[in-house]
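Structure data follow from entry08.txt (compact mmCIF, C-alpha atoms):
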# COMPACT_ATOMS: atom_id res chain seq x y z
CA MET A 17 4.35 -21.14 100.32
CA MET A 18 3.55 -22.15 96.73
CA ILE A 19 1.40 -25.05 97.89
CA SER A 20 -0.58 -23.02 100.41
CA GLY A 21 -1.09 -20.38 97.71
CA MET A 22 -2.40 -23.01 95.31
CA ILE A 23 -4.80 -24.37 97.91
CA LEU A 24 -6.06 -20.87 98.71
CA TYR A 25 -6.55 -20.03 95.02
CA THR A 26 -8.41 -23.29 94.43
CA ILE A 27 -10.75 -22.76 97.39
CA ALA A 28 -11.32 -19.10 96.48
CA SER A 29 -12.07 -19.91 92.81
CA ILE A 30 -14.54 -22.64 93.72
CA TYR A 31 -16.45 -20.40 96.11
CA LEU A 32 -16.27 -17.46 93.73
CA GLY A 33 -17.63 -19.51 90.84
CA TYR A 34 -20.40 -20.95 93.02
CA SER A 35 -21.28 -17.50 94.31
CA PHE A 36 -21.34 -16.08 90.77
CA ILE A 37 -23.75 -18.75 89.57
CA LYS A 38 -26.07 -18.20 92.51
CA ASP A 39 -26.12 -14.40 92.61
CA LYS A 40 -24.12 -12.13 90.32
CA HIS A 41 -25.00 -8.97 92.16
CA LYS A 42 -23.94 -10.30 95.56
CA THR A 43 -20.69 -11.57 94.06
CA LYS A 44 -19.97 -8.16 92.64
CA SER A 45 -20.42 -6.44 95.99
CA ALA A 46 -18.31 -9.14 97.67
CA LEU A 47 -15.44 -8.44 95.28
CA LEU A 48 -15.88 -4.72 95.81
CA LYS A 49 -15.59 -5.30 99.55
CA SER A 50 -12.41 -7.38 99.03
CA TRP A 51 -10.93 -4.61 96.89
CA LYS A 52 -11.77 -1.96 99.52
CA MET A 53 -10.14 -4.00 102.27
CA PHE A 54 -7.04 -4.41 100.13
CA ILE A 55 -6.81 -0.68 99.35
CA ASN A 56 -7.32 0.06 103.05
CA VAL A 57 -4.40 -2.04 104.26
CA LEU A 58 -2.07 -1.32 101.32
CA PRO A 59 -0.36 1.85 102.65
CA ASP A 60 0.40 0.26 106.03
CA LEU A 61 1.37 -2.98 104.33
CA LEU A 62 3.96 -1.38 102.05
CA ALA A 63 5.50 0.63 104.88
CA ILE A 64 5.61 -2.40 107.16
CA MET A 65 7.24 -4.58 104.52
CA LEU A 66 9.87 -1.97 103.74
CA LEU A 67 10.70 -1.57 107.44
CA THR A 68 10.82 -5.34 107.89
CA GLY A 69 13.09 -5.68 104.87
CA LEU A 70 15.44 -3.11 106.34
CA ALA A 71 15.47 -4.80 109.75
CA LEU A 72 16.11 -8.22 108.22
CA SER A 73 19.00 -6.98 106.08
CA LEU A 74 20.61 -5.18 109.03
CA LEU A 75 20.23 -8.15 111.37
CA THR A 76 21.89 -10.97 109.45
CA PRO A 77 21.52 -14.59 110.68
CA SER A 78 25.21 -14.74 111.66
CA LEU A 79 24.87 -11.52 113.68
CA ILE A 80 21.76 -12.77 115.49
CA SER A 81 23.37 -16.17 116.12
CA SER A 82 26.38 -14.51 117.72
CA ILE A 83 24.06 -12.58 120.08
CA ILE A 84 21.94 -15.56 121.12
CA GLY A 85 24.45 -18.42 121.16
CA GLU A 86 24.50 -21.45 123.51
CA SER A 87 26.09 -19.49 126.35
CA SER A 88 23.95 -16.34 126.05
CA GLY A 89 21.54 -17.56 128.76
CA PHE A 90 18.94 -15.25 130.25
CA LEU A 91 20.36 -12.18 128.53
CA GLY A 92 20.06 -13.99 125.21
CA ILE A 93 16.35 -14.51 125.91
CA ILE A 94 15.95 -10.77 126.53
CA TYR A 95 17.75 -9.88 123.28
CA SER A 96 15.66 -12.40 121.33
CA THR A 97 12.47 -10.92 122.74
CA ILE A 98 13.52 -7.40 121.75
CA ILE A 99 14.61 -8.35 118.22
CA GLY A 100 11.51 -10.50 117.72
CA SER A 101 9.16 -7.74 118.83
CA ILE A 102 10.23 -5.24 116.15
CA ALA A 103 8.05 -6.49 113.33
CA LEU A 104 5.39 -9.08 112.46
CA VAL A 105 6.82 -11.57 109.98
CA PRO A 106 4.87 -14.40 108.29
CA SER A 107 5.56 -17.94 109.47
CA PHE A 108 6.90 -19.13 106.11
CA ILE A 109 9.81 -16.71 106.58
CA VAL A 110 10.17 -17.19 110.35
CA PHE A 111 10.73 -20.96 110.47
CA PRO A 112 13.44 -21.08 107.77
CA LEU A 113 15.13 -18.14 109.52
CA GLY A 114 15.00 -20.00 112.86
CA HIS A 115 16.44 -23.09 111.22
CA THR A 116 19.35 -21.06 109.77
CA LEU A 117 19.98 -19.52 113.20
CA ILE A 118 20.20 -22.95 114.87
CA GLN A 119 22.67 -24.08 112.20
CA ASN A 120 24.72 -20.96 112.89
CA GLY A 121 25.00 -21.89 116.56
CA ALA A 122 22.07 -20.14 118.22
CA ALA A 123 20.47 -21.84 121.24
CA LEU A 124 17.03 -23.46 120.96
CA PRO A 125 15.08 -21.60 123.73
CA GLN A 126 16.38 -18.25 122.43
CA VAL A 127 15.38 -19.13 118.88
CA ALA A 128 11.99 -20.29 120.19
CA VAL A 129 11.24 -16.94 121.80
CA LEU A 130 12.56 -15.10 118.75
CA MET A 131 10.35 -17.03 116.34
CA SER A 132 7.29 -16.77 118.54
CA THR A 133 7.62 -12.99 119.02
CA LEU A 134 8.37 -12.47 115.32
CA MET A 135 5.04 -14.06 114.50
CA SER A 136 2.93 -12.42 117.19
CA VAL A 137 4.48 -9.18 118.50
CA GLY A 138 5.00 -6.11 116.31
CA LEU A 139 6.05 -2.62 117.35
CA VAL A 140 6.12 -1.49 113.72
CA THR A 141 2.51 -2.59 113.26
CA LEU A 142 1.32 -1.22 116.60
CA THR A 143 -0.06 2.00 115.06
CA MET A 144 -2.05 -0.01 112.57
CA GLU A 145 -3.29 -2.34 115.29
CA GLN A 146 -4.29 0.62 117.46
CA LYS A 147 -6.27 2.11 114.60
CA THR A 148 -8.09 -1.19 114.25
CA PHE A 149 -8.84 -2.25 117.83
CA GLY A 150 -8.03 0.75 120.00
CA ARG A 151 -4.94 1.39 122.03
CA SER A 152 -5.74 -0.64 125.10
CA PHE A 153 -6.60 -3.84 123.22
CA ALA A 154 -3.57 -3.54 120.93
CA TYR A 155 -1.16 -3.15 123.86
CA ALA A 156 -2.80 -5.91 125.87
CA ARG A 157 -2.65 -8.35 122.94
CA ASN A 158 1.04 -7.66 122.31
CA ILE A 159 1.88 -8.01 126.01
CA ALA A 160 -0.04 -11.29 126.18
CA SER A 161 1.95 -12.54 123.18
CA ILE A 162 5.25 -11.60 124.82
CA ILE A 163 4.23 -13.54 127.94
CA MET A 164 3.22 -16.52 125.78
CA SER A 165 6.57 -16.46 123.94
CA LEU A 166 8.59 -16.27 127.17
CA LEU A 167 6.66 -19.14 128.79
CA PHE A 168 7.04 -21.18 125.61
CA ALA A 169 10.81 -20.61 125.60
CA PHE A 170 10.93 -21.53 129.30
CA ILE A 171 9.16 -24.85 128.65
CA ILE A 172 11.54 -25.57 125.76
CA TRP A 173 14.48 -24.74 128.03
CA VAL A 174 13.30 -27.13 130.73
CA VAL A 175 12.15 -29.96 128.47
CA MET A 176 14.63 -29.89 125.60
CA THR A 177 18.03 -28.68 126.80
CA MET B 9 -4.94 13.64 97.02
CA ILE B 10 -6.30 12.49 100.35
CA LYS B 11 -5.45 8.91 99.44
CA LEU B 12 -1.80 9.77 98.78
CA LYS B 13 -1.59 11.15 102.29
CA ARG B 14 -2.00 7.64 103.65
CA TYR B 15 1.25 6.66 101.93
CA TYR B 16 3.10 9.36 103.84
CA PHE B 17 4.99 6.92 106.05
CA PHE B 18 5.91 4.70 103.11
CA PHE B 19 7.36 7.67 101.20
CA ILE B 20 9.41 8.75 104.20
CA LEU B 21 10.81 5.24 104.39
CA LEU B 22 11.62 5.34 100.68
CA LEU B 23 13.53 8.57 101.22
CA ALA B 24 15.39 6.96 104.09
CA LEU B 25 16.26 4.05 101.82
CA LEU B 26 17.58 6.46 99.21
CA PHE B 27 19.73 8.02 101.90
CA ILE B 28 21.02 4.57 102.92
CA ALA B 29 21.81 3.83 99.27
CA PHE B 30 24.26 6.73 99.29
CA MET B 31 25.92 5.55 102.49
CA ASN B 32 25.95 1.80 101.98
CA GLN B 33 24.93 0.50 98.60
CA ALA B 34 25.08 -3.20 99.46
CA LEU B 35 22.71 -2.75 102.39
CA ALA B 36 20.23 -0.80 100.27
CA ILE B 37 20.27 -3.43 97.53
CA LYS B 38 19.70 -6.19 100.06
CA THR B 39 16.79 -4.27 101.60
CA VAL B 40 15.21 -3.74 98.18
CA GLN B 41 15.60 -7.44 97.37
CA LEU B 42 14.09 -8.59 100.67
CA THR B 43 11.25 -6.07 100.52
CA GLY B 44 10.55 -6.80 96.86
CA LYS B 45 10.34 -10.50 97.59
CA SER B 46 7.93 -10.07 100.49
CA ILE B 47 5.76 -7.67 98.45
CA LEU B 48 5.57 -10.26 95.67
CA ASP B 49 4.72 -12.96 98.22
CA MET B 50 1.94 -10.78 99.58
CA LEU B 51 0.54 -9.92 96.15
CA PHE B 52 0.43 -13.65 95.48
CA LEU B 53 -1.22 -14.66 98.78
CA LEU B 54 -3.58 -11.79 99.48
CA PRO B 55 -6.10 -11.95 96.59
CA PRO B 56 -7.64 -15.34 97.48
CA ILE B 57 -7.75 -14.47 101.20
CA PHE B 58 -9.50 -11.14 100.61
CA ILE B 59 -11.87 -12.68 98.05
CA LEU B 60 -12.88 -15.34 100.59
CA VAL B 61 -13.39 -12.67 103.25
CA GLY B 62 -15.49 -10.60 100.84
CA LEU B 63 -17.64 -13.62 100.03
CA LEU B 64 -17.97 -14.46 103.71
CA ASP B 65 -19.17 -10.91 104.31
CA GLN B 66 -21.88 -11.21 101.65
CA TRP B 67 -23.10 -14.77 102.14
CA VAL B 68 -22.75 -15.63 105.81
CA LYS B 69 -25.60 -14.17 107.82
CA LYS B 70 -25.01 -12.61 111.17
CA GLU B 71 -27.11 -15.22 112.95
CA THR B 72 -25.10 -18.03 111.36
CA LEU B 73 -21.79 -16.57 112.40
CA ILE B 74 -23.06 -15.96 115.92
CA ARG B 75 -23.95 -19.64 116.04
CA TYR B 76 -20.38 -20.57 115.04
CA MET B 77 -18.32 -17.90 116.76
CA GLY B 78 -20.70 -16.15 119.15
CA GLU B 79 -20.66 -16.24 122.91
CA LYS B 80 -22.63 -19.46 123.20
CA SER B 81 -20.93 -21.36 120.38
CA GLY B 82 -18.87 -23.52 122.77
CA ILE B 83 -16.78 -26.25 121.18
CA TYR B 84 -17.97 -25.24 117.68
CA GLY B 85 -16.45 -21.83 118.27
CA VAL B 86 -13.07 -23.36 119.05
CA PHE B 87 -13.06 -25.57 115.96
CA PHE B 88 -14.45 -22.99 113.57
CA THR B 89 -11.98 -20.36 114.78
CA LEU B 90 -9.08 -22.79 114.51
CA LEU B 91 -10.07 -23.69 110.97
CA LEU B 92 -10.27 -20.05 109.88
CA ALA B 93 -7.00 -19.08 111.55
CA THR B 94 -4.79 -21.98 110.56
CA ILE B 95 -5.74 -22.33 106.88
CA ALA B 96 -4.97 -18.76 105.84
CA ALA B 97 -1.36 -17.86 105.18
CA GLY B 98 0.40 -14.55 105.78
CA PRO B 99 1.56 -12.33 108.61
CA LEU B 100 -0.64 -11.45 111.57
CA TYR B 101 -1.54 -7.94 110.38
CA ILE B 102 -3.55 -9.48 107.55
CA ALA B 103 -5.72 -11.02 110.25
CA PHE B 104 -6.64 -7.62 111.76
CA PRO B 105 -9.17 -6.55 109.09
CA ILE B 106 -10.56 -10.10 109.02
CA ALA B 107 -11.00 -10.03 112.80
CA VAL B 108 -12.90 -6.73 112.55
CA LEU B 109 -15.26 -8.21 109.98
CA LEU B 110 -15.89 -11.25 112.21
CA LEU B 111 -16.54 -8.95 115.18
CA LYS B 112 -19.09 -6.99 113.15
CA LYS B 113 -20.79 -10.24 112.22
CA GLY B 114 -21.19 -11.08 115.88
CA ALA B 115 -18.14 -13.15 116.81
CA SER B 116 -17.35 -12.94 120.53
CA VAL B 117 -14.21 -11.28 121.86
CA ARG B 118 -13.01 -14.60 123.25
CA TYR B 119 -12.85 -16.21 119.82
CA ILE B 120 -11.35 -13.12 118.20
CA VAL B 121 -8.44 -13.21 120.65
CA PHE B 122 -8.18 -16.96 120.09
CA PHE B 123 -8.31 -16.36 116.31
CA LEU B 124 -5.41 -13.88 116.43
CA GLY B 125 -3.43 -16.16 118.76
CA ALA B 126 -4.00 -19.26 116.65
CA TRP B 127 -3.12 -17.32 113.49
CA SER B 128 0.26 -16.43 114.98
CA THR B 129 0.91 -19.92 116.35
CA VAL B 130 -0.31 -22.60 113.96
CA LYS B 131 -0.21 -22.45 110.18
CA LEU B 132 -1.17 -25.73 108.57
CA PRO B 133 0.89 -25.13 105.38
CA VAL B 134 4.04 -24.42 107.41
CA LEU B 135 3.47 -27.14 109.98
CA VAL B 136 5.44 -29.75 108.02
CA TYR B 137 8.40 -27.41 107.82
CA GLU B 138 8.36 -26.72 111.57
CA PHE B 139 8.12 -30.43 112.28
CA THR B 140 11.00 -31.42 109.99
CA SER B 141 13.39 -28.67 111.11
CA PHE B 142 12.64 -28.54 114.84
CA GLY B 143 11.28 -31.98 115.64
CA LEU B 144 7.98 -33.37 116.87
CA LYS B 145 8.49 -32.46 120.52
CA PHE B 146 9.20 -28.79 119.79
CA THR B 147 6.27 -28.50 117.39
CA LEU B 148 3.82 -30.15 119.78
CA ILE B 149 4.89 -27.98 122.72
CA HIS B 150 4.58 -24.88 120.54
CA ILE B 151 1.11 -25.68 119.22
CA CYS B 152 -0.46 -27.15 122.34
CA PHE B 153 0.88 -24.57 124.76
CA GLY B 154 0.16 -21.68 122.35
CA LEU B 155 -3.44 -22.66 121.70
CA VAL B 156 -4.26 -23.32 125.37
CA PHE B 157 -2.61 -20.05 126.37
CA TYR B 158 -4.54 -17.98 123.81
CA TYR B 159 -7.84 -19.68 124.63
CA PHE B 160 -7.51 -18.60 128.25
CA THR B 161 -6.26 -15.16 127.18
CA GLY B 162 -9.50 -14.89 125.19
CA ILE B 163 -11.58 -15.71 128.26
CA LEU B 164 -9.64 -13.11 130.25
CA PHE B 165 -9.91 -10.41 127.54
CA GLU B 166 -13.64 -11.00 127.26
CA LYS B 167 -14.03 -9.60 130.75
CA PHE B 168 -12.33 -6.32 129.80
CA TYR B 169 -13.38 -5.63 126.22
CA SER B 170 -16.84 -5.67 124.72
CA GLN B 171 -17.60 -6.42 121.08
CA LEU B 172 -19.24 -3.04 120.56
CA LYS B 173 -16.33 -1.09 121.97
CA LEU B 174 -13.84 -2.76 119.63
CA ILE B 175 -16.01 -2.17 116.56
CA LYS B 176 -16.60 1.46 117.50
CA VAL B 177 -12.88 2.12 117.24
CA ASP B 178 -12.92 0.80 113.71
CA THR B 179 -15.86 2.84 112.43
CA THR B 180 -14.43 6.11 113.66
CA MET B 181 -11.22 5.29 111.82
CA LYS B 182 -12.86 4.82 108.43
CA VAL B 183 -14.02 8.41 107.90
Can you dump the structure from the file as structure tokens?
Amino acid sequence: MMISGMILYTIASIYLGYSFIKDKHKTKSALLKSWKMFINVLPDLLAIMLLTGLALSLLTPSLISSIIGESSGFLGIIYSTIIGSIALVPSFIVFPLGHTLIQNGAALPQVAVLMSTLMSVGLVTLTMEQKTFGRSFAYARNIASIIMSLLFAFIIWVVMT
Amino acid sequence: MIKLKRYYFFFILLLALLFIAFMNQALAIKTVQLTGKSILDMLFLLPPIFILVGLLDQWVKKETLIRYMGEKSGIYGVFFTLLLATIAAGPLYIAFPIAVLLLKKGASVRYIVFFLGAWSTVKLPVLVYEFTSFGLKFTLIHICFGLVFYYFTGILFEKFYSQLKLIKVDTTMKV
């Protein structure tokens, strides 16, 4: 997380400096645009993060591991899909969480579908996504991501267990 | 006043949290800690991403972007989209406003779907972590299958959604 942040800051500063030297006015309107985008997503962002925080503190790793253990089978896959589809969580939180779950005794295909849906399917963010792309596209994208996650887990099941 | 209205949902959640604090203090504290941490993470990661997007908006001409991400961009489209999607950090909903901007600049629906899919599948900064905790086989299956799947999803979605239709939704929202 720190490293990727550093890289992003370095790239952004270089481009920003270059842009400022070439055209101050354009740079100013670019920053204004960035600020507007930020202000636009902020309300949804705060609400989403609070909801995600609540979900993550309710569903502790040991609780999830007990639901999707080695013997949970097909039902475990279903539970993983449901839990994973609640909110969109960034990958630098998802992978450590998945790792903890495995250590707590969760099965690999179930963790695979959980991680994949956590990163790509979000019911909490669906309103925001609908506002951005329209209802039909938002639903279709989330459904496609559920299908992707299930197929991915199936491949892991066949190849790695 | 109108701006505060947009925080409506957030305030309701805060009230709910207050209510939880009365019922179960430990749970409320944990929620505040987790949420606080992710808000700090976001405040750290978002500025450079949004600055880059703002600069892209000002400097990259529509014709240029169409060449890289438009309907006829071919293999360039795949690489350029992958580069954009995998470098940036953060959850998928950060990618939504970026996707809209790319659409407005003339990116095709196929690459927008691929962009969102790649964003949620491959993150270069986290790749090392995935590889060390889940192994090479797992990581390769995840990345290769995910990218192929979303590329074909993009081709499929292109038949149902047009660029203009998706942008139209956005402009009506920003009144």
Report as JSON lines the residues of chain B within 6 Å of chain A, each with its shortest atom pair and distance in Å (one decimal), using only C-alpha atoms, ordered by chain and increasing residue number.
{"residue": "B:Tyr15", "atom": "CA", "partner": "A:Pro59", "partner_atom": "CA", "distance": 5.1}
{"residue": "B:Phe18", "atom": "CA", "partner": "A:Ala63", "partner_atom": "CA", "distance": 4.5}
{"residue": "B:Thr39", "atom": "CA", "partner": "A:Leu70", "partner_atom": "CA", "distance": 5.1}
{"residue": "B:Leu42", "atom": "CA", "partner": "A:Gly69", "partner_atom": "CA", "distance": 5.2}
{"residue": "B:Thr43", "atom": "CA", "partner": "A:Gly69", "partner_atom": "CA", "distance": 4.7}
{"residue": "B:Leu53", "atom": "CA", "partner": "A:Gly21", "partner_atom": "CA", "distance": 5.8}
{"residue": "B:Pro56", "atom": "CA", "partner": "A:Ala28", "partner_atom": "CA", "distance": 5.4}
{"residue": "B:Phe58", "atom": "CA", "partner": "A:Ser50", "partner_atom": "CA", "distance": 5.0}
{"residue": "B:Ile59", "atom": "CA", "partner": "A:Ser50", "partner_atom": "CA", "distance": 5.4}
{"residue": "B:Leu60", "atom": "CA", "partner": "A:Ala28", "partner_atom": "CA", "distance": 5.8}
{"residue": "B:Gly62", "atom": "CA", "partner": "A:Ala46", "partner_atom": "CA", "distance": 4.5}
{"residue": "B:Leu63", "atom": "CA", "partner": "A:Ala46", "partner_atom": "CA", "distance": 5.1}
{"residue": "B:Gln66", "atom": "CA", "partner": "A:Ala46", "partner_atom": "CA", "distance": 5.7}
{"residue": "B:Gly98", "atom": "CA", "partner": "A:Pro106", "partner_atom": "CA", "distance": 5.1}
{"residue": "B:Pro99", "atom": "CA", "partner": "A:Pro106", "partner_atom": "CA", "distance": 3.9}
{"residue": "B:Ser128", "atom": "CA", "partner": "A:Ser136", "partner_atom": "CA", "distance": 5.3}
{"residue": "B:Pro133", "atom": "CA", "partner": "A:Ser20", "partner_atom": "CA", "distance": 5.6}
{"residue": "B:Leu174", "atom": "CA", "partner": "A:Phe149", "partner_atom": "CA", "distance": 5.3}
{"residue": "B:Val177", "atom": "CA", "partner": "A:Gly150", "partner_atom": "CA", "distance": 5.7}
{"residue": "B:Asp178", "atom": "CA", "partner": "A:Thr148", "partner_atom": "CA", "distance": 5.3}
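Take atom CA of Val134 of chain B and atom CA of Ala97 of chain B: the distance between them is 8.8 Å.
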Surrounding residues of Tyr84 of chain B excluding itself and chain neighbours under 5 positions, 12 Å, all atoms listed in the file, as a ChimeraX atom specification:
/B:72-79,89-91,119
Could you save those same residues with C-alpha atoms as a tab-separated table (two decimals), keeping the file's coordinate frame?
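Saved to selection_31.tsv:
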chain	number	residue	atom	x	y	z
B	72	THR	CA	-25.10	-18.03	111.36
B	73	LEU	CA	-21.79	-16.57	112.40
B	74	ILE	CA	-23.06	-15.96	115.92
B	75	ARG	CA	-23.95	-19.64	116.04
B	76	TYR	CA	-20.38	-20.57	115.04
B	77	MET	CA	-18.32	-17.90	116.76
B	78	GLY	CA	-20.70	-16.15	119.15
B	79	GLU	CA	-20.66	-16.24	122.91
B	89	THR	CA	-11.98	-20.36	114.78
B	90	LEU	CA	-9.08	-22.79	114.51
B	91	LEU	CA	-10.07	-23.69	110.97
B	119	TYR	CA	-12.85	-16.21	119.82
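Of note, atom CA of Asn120 of chain A and atom CA of Cys152 of chain B are spaced 27.6 Å apart.
Counting all atoms listed in the file, the residue from A:Ile162, A:Val127, A:Val174, A:Leu113 that sits nearest to Tyr158 of chain B is A:Ile162.
Atom pair atom CA of Ser88 of chain A / atom CA of Leu100 of chain B: separated by 29.0 Å.
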Can you report as lines of an AutoDock Vina configuration file the centre and edge lengths in Å, to one decimal, of an axis-aligned box around the listed atoms of segment 39-48 of chain B padded with 8 Å on each side?
center_x = 11.2
center_y = -7.1
center_z = 98.6
size_x = 27.2
size_y = 22.8
size_z = 21.9
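For the point (-10.6, -10.2, 115.4) in file coordinates, the residues within 7 Å, using all atoms listed in the file, are Phe104, Ile106, Ala107, Val108, Leu110, Leu111, Ile120, Val121, Phe123 and Leu124 of chain B.
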Within 7 Å of Ala96 of chain B using all atoms listed in the file, minus same-chain residues under 3 positions, as a PyMOL selection string
chain B and resi 57+92-93
Okay, now the selection with C-alpha atoms, as an mmCIF file, in the coordinates of the input?
data_model
loop_
_atom_site.group_PDB
_atom_site.id
_atom_site.type_symbol
_atom_site.label_atom_id
_atom_site.label_comp_id
_atom_site.auth_asym_id
_atom_site.auth_seq_id
_atom_site.Cartn_x
_atom_site.Cartn_y
_atom_site.Cartn_z
ATOM 1 C CA ILE B 57 -7.750 -14.470 101.200
ATOM 2 C CA LEU B 92 -10.270 -20.050 109.880
ATOM 3 C CA ALA B 93 -7.000 -19.080 111.550
#
Kindly complete segment 49-56 of chain B to all heavy atoms; the output should be written as a compact mmCIF listing (two decimals), in the frame of the given file.
# COMPACT_ATOMS: atom_id res chain seq x y z
N ASP B 49 5.39 -11.91 97.46
CA ASP B 49 4.72 -12.96 98.22
C ASP B 49 3.31 -12.54 98.61
O ASP B 49 2.35 -13.29 98.47
CB ASP B 49 5.51 -13.27 99.51
CG ASP B 49 6.70 -14.18 99.22
OD1 ASP B 49 6.74 -14.73 98.11
OD2 ASP B 49 7.57 -14.31 100.09
N MET B 50 3.22 -11.30 99.13
CA MET B 50 1.94 -10.78 99.58
C MET B 50 0.96 -10.66 98.42
O MET B 50 -0.20 -11.05 98.53
CB MET B 50 2.11 -9.39 100.20
CG MET B 50 2.47 -9.36 101.65
SD MET B 50 1.49 -10.46 102.63
CE MET B 50 2.72 -11.64 103.03
N LEU B 51 1.42 -10.11 97.29
CA LEU B 51 0.54 -9.92 96.15
C LEU B 51 0.03 -11.27 95.64
O LEU B 51 -1.04 -11.37 95.08
CB LEU B 51 1.26 -9.17 95.02
CG LEU B 51 1.52 -7.69 95.31
CD1 LEU B 51 2.22 -7.03 94.15
CD2 LEU B 51 0.22 -6.97 95.64
N PHE B 52 0.84 -12.32 95.88
CA PHE B 52 0.43 -13.65 95.48
C PHE B 52 -0.60 -14.23 96.46
O PHE B 52 -1.61 -14.81 96.06
CB PHE B 52 1.67 -14.55 95.41
CG PHE B 52 1.37 -15.99 95.13
CD1 PHE B 52 0.83 -16.37 93.92
CD2 PHE B 52 1.64 -16.96 96.08
CE1 PHE B 52 0.56 -17.70 93.65
CE2 PHE B 52 1.37 -18.29 95.82
CZ PHE B 52 0.83 -18.66 94.61
N LEU B 53 -0.37 -14.02 97.76
CA LEU B 53 -1.22 -14.66 98.78
C LEU B 53 -2.51 -13.91 99.09
O LEU B 53 -3.52 -14.51 99.41
CB LEU B 53 -0.43 -14.83 100.08
CG LEU B 53 0.55 -15.98 100.14
CD1 LEU B 53 1.31 -15.93 101.46
CD2 LEU B 53 -0.19 -17.31 100.04
N LEU B 54 -2.44 -12.57 99.01
CA LEU B 54 -3.58 -11.79 99.48
C LEU B 54 -4.87 -11.93 98.68
O LEU B 54 -5.93 -12.02 99.28
CB LEU B 54 -3.19 -10.31 99.59
CG LEU B 54 -2.33 -9.97 100.79
CD1 LEU B 54 -2.10 -8.47 100.86
CD2 LEU B 54 -3.01 -10.43 102.06
N PRO B 55 -4.83 -11.92 97.32
CA PRO B 55 -6.10 -11.95 96.59
C PRO B 55 -7.07 -13.05 97.01
O PRO B 55 -8.23 -12.73 97.34
CB PRO B 55 -5.66 -12.10 95.13
CG PRO B 55 -4.31 -11.49 95.09
CD PRO B 55 -3.68 -11.81 96.41
N PRO B 56 -6.65 -14.34 97.09
CA PRO B 56 -7.64 -15.34 97.48
C PRO B 56 -8.16 -15.13 98.89
O PRO B 56 -9.36 -15.35 99.15
CB PRO B 56 -6.87 -16.67 97.37
CG PRO B 56 -5.45 -16.30 97.38
CD PRO B 56 -5.35 -14.94 96.77
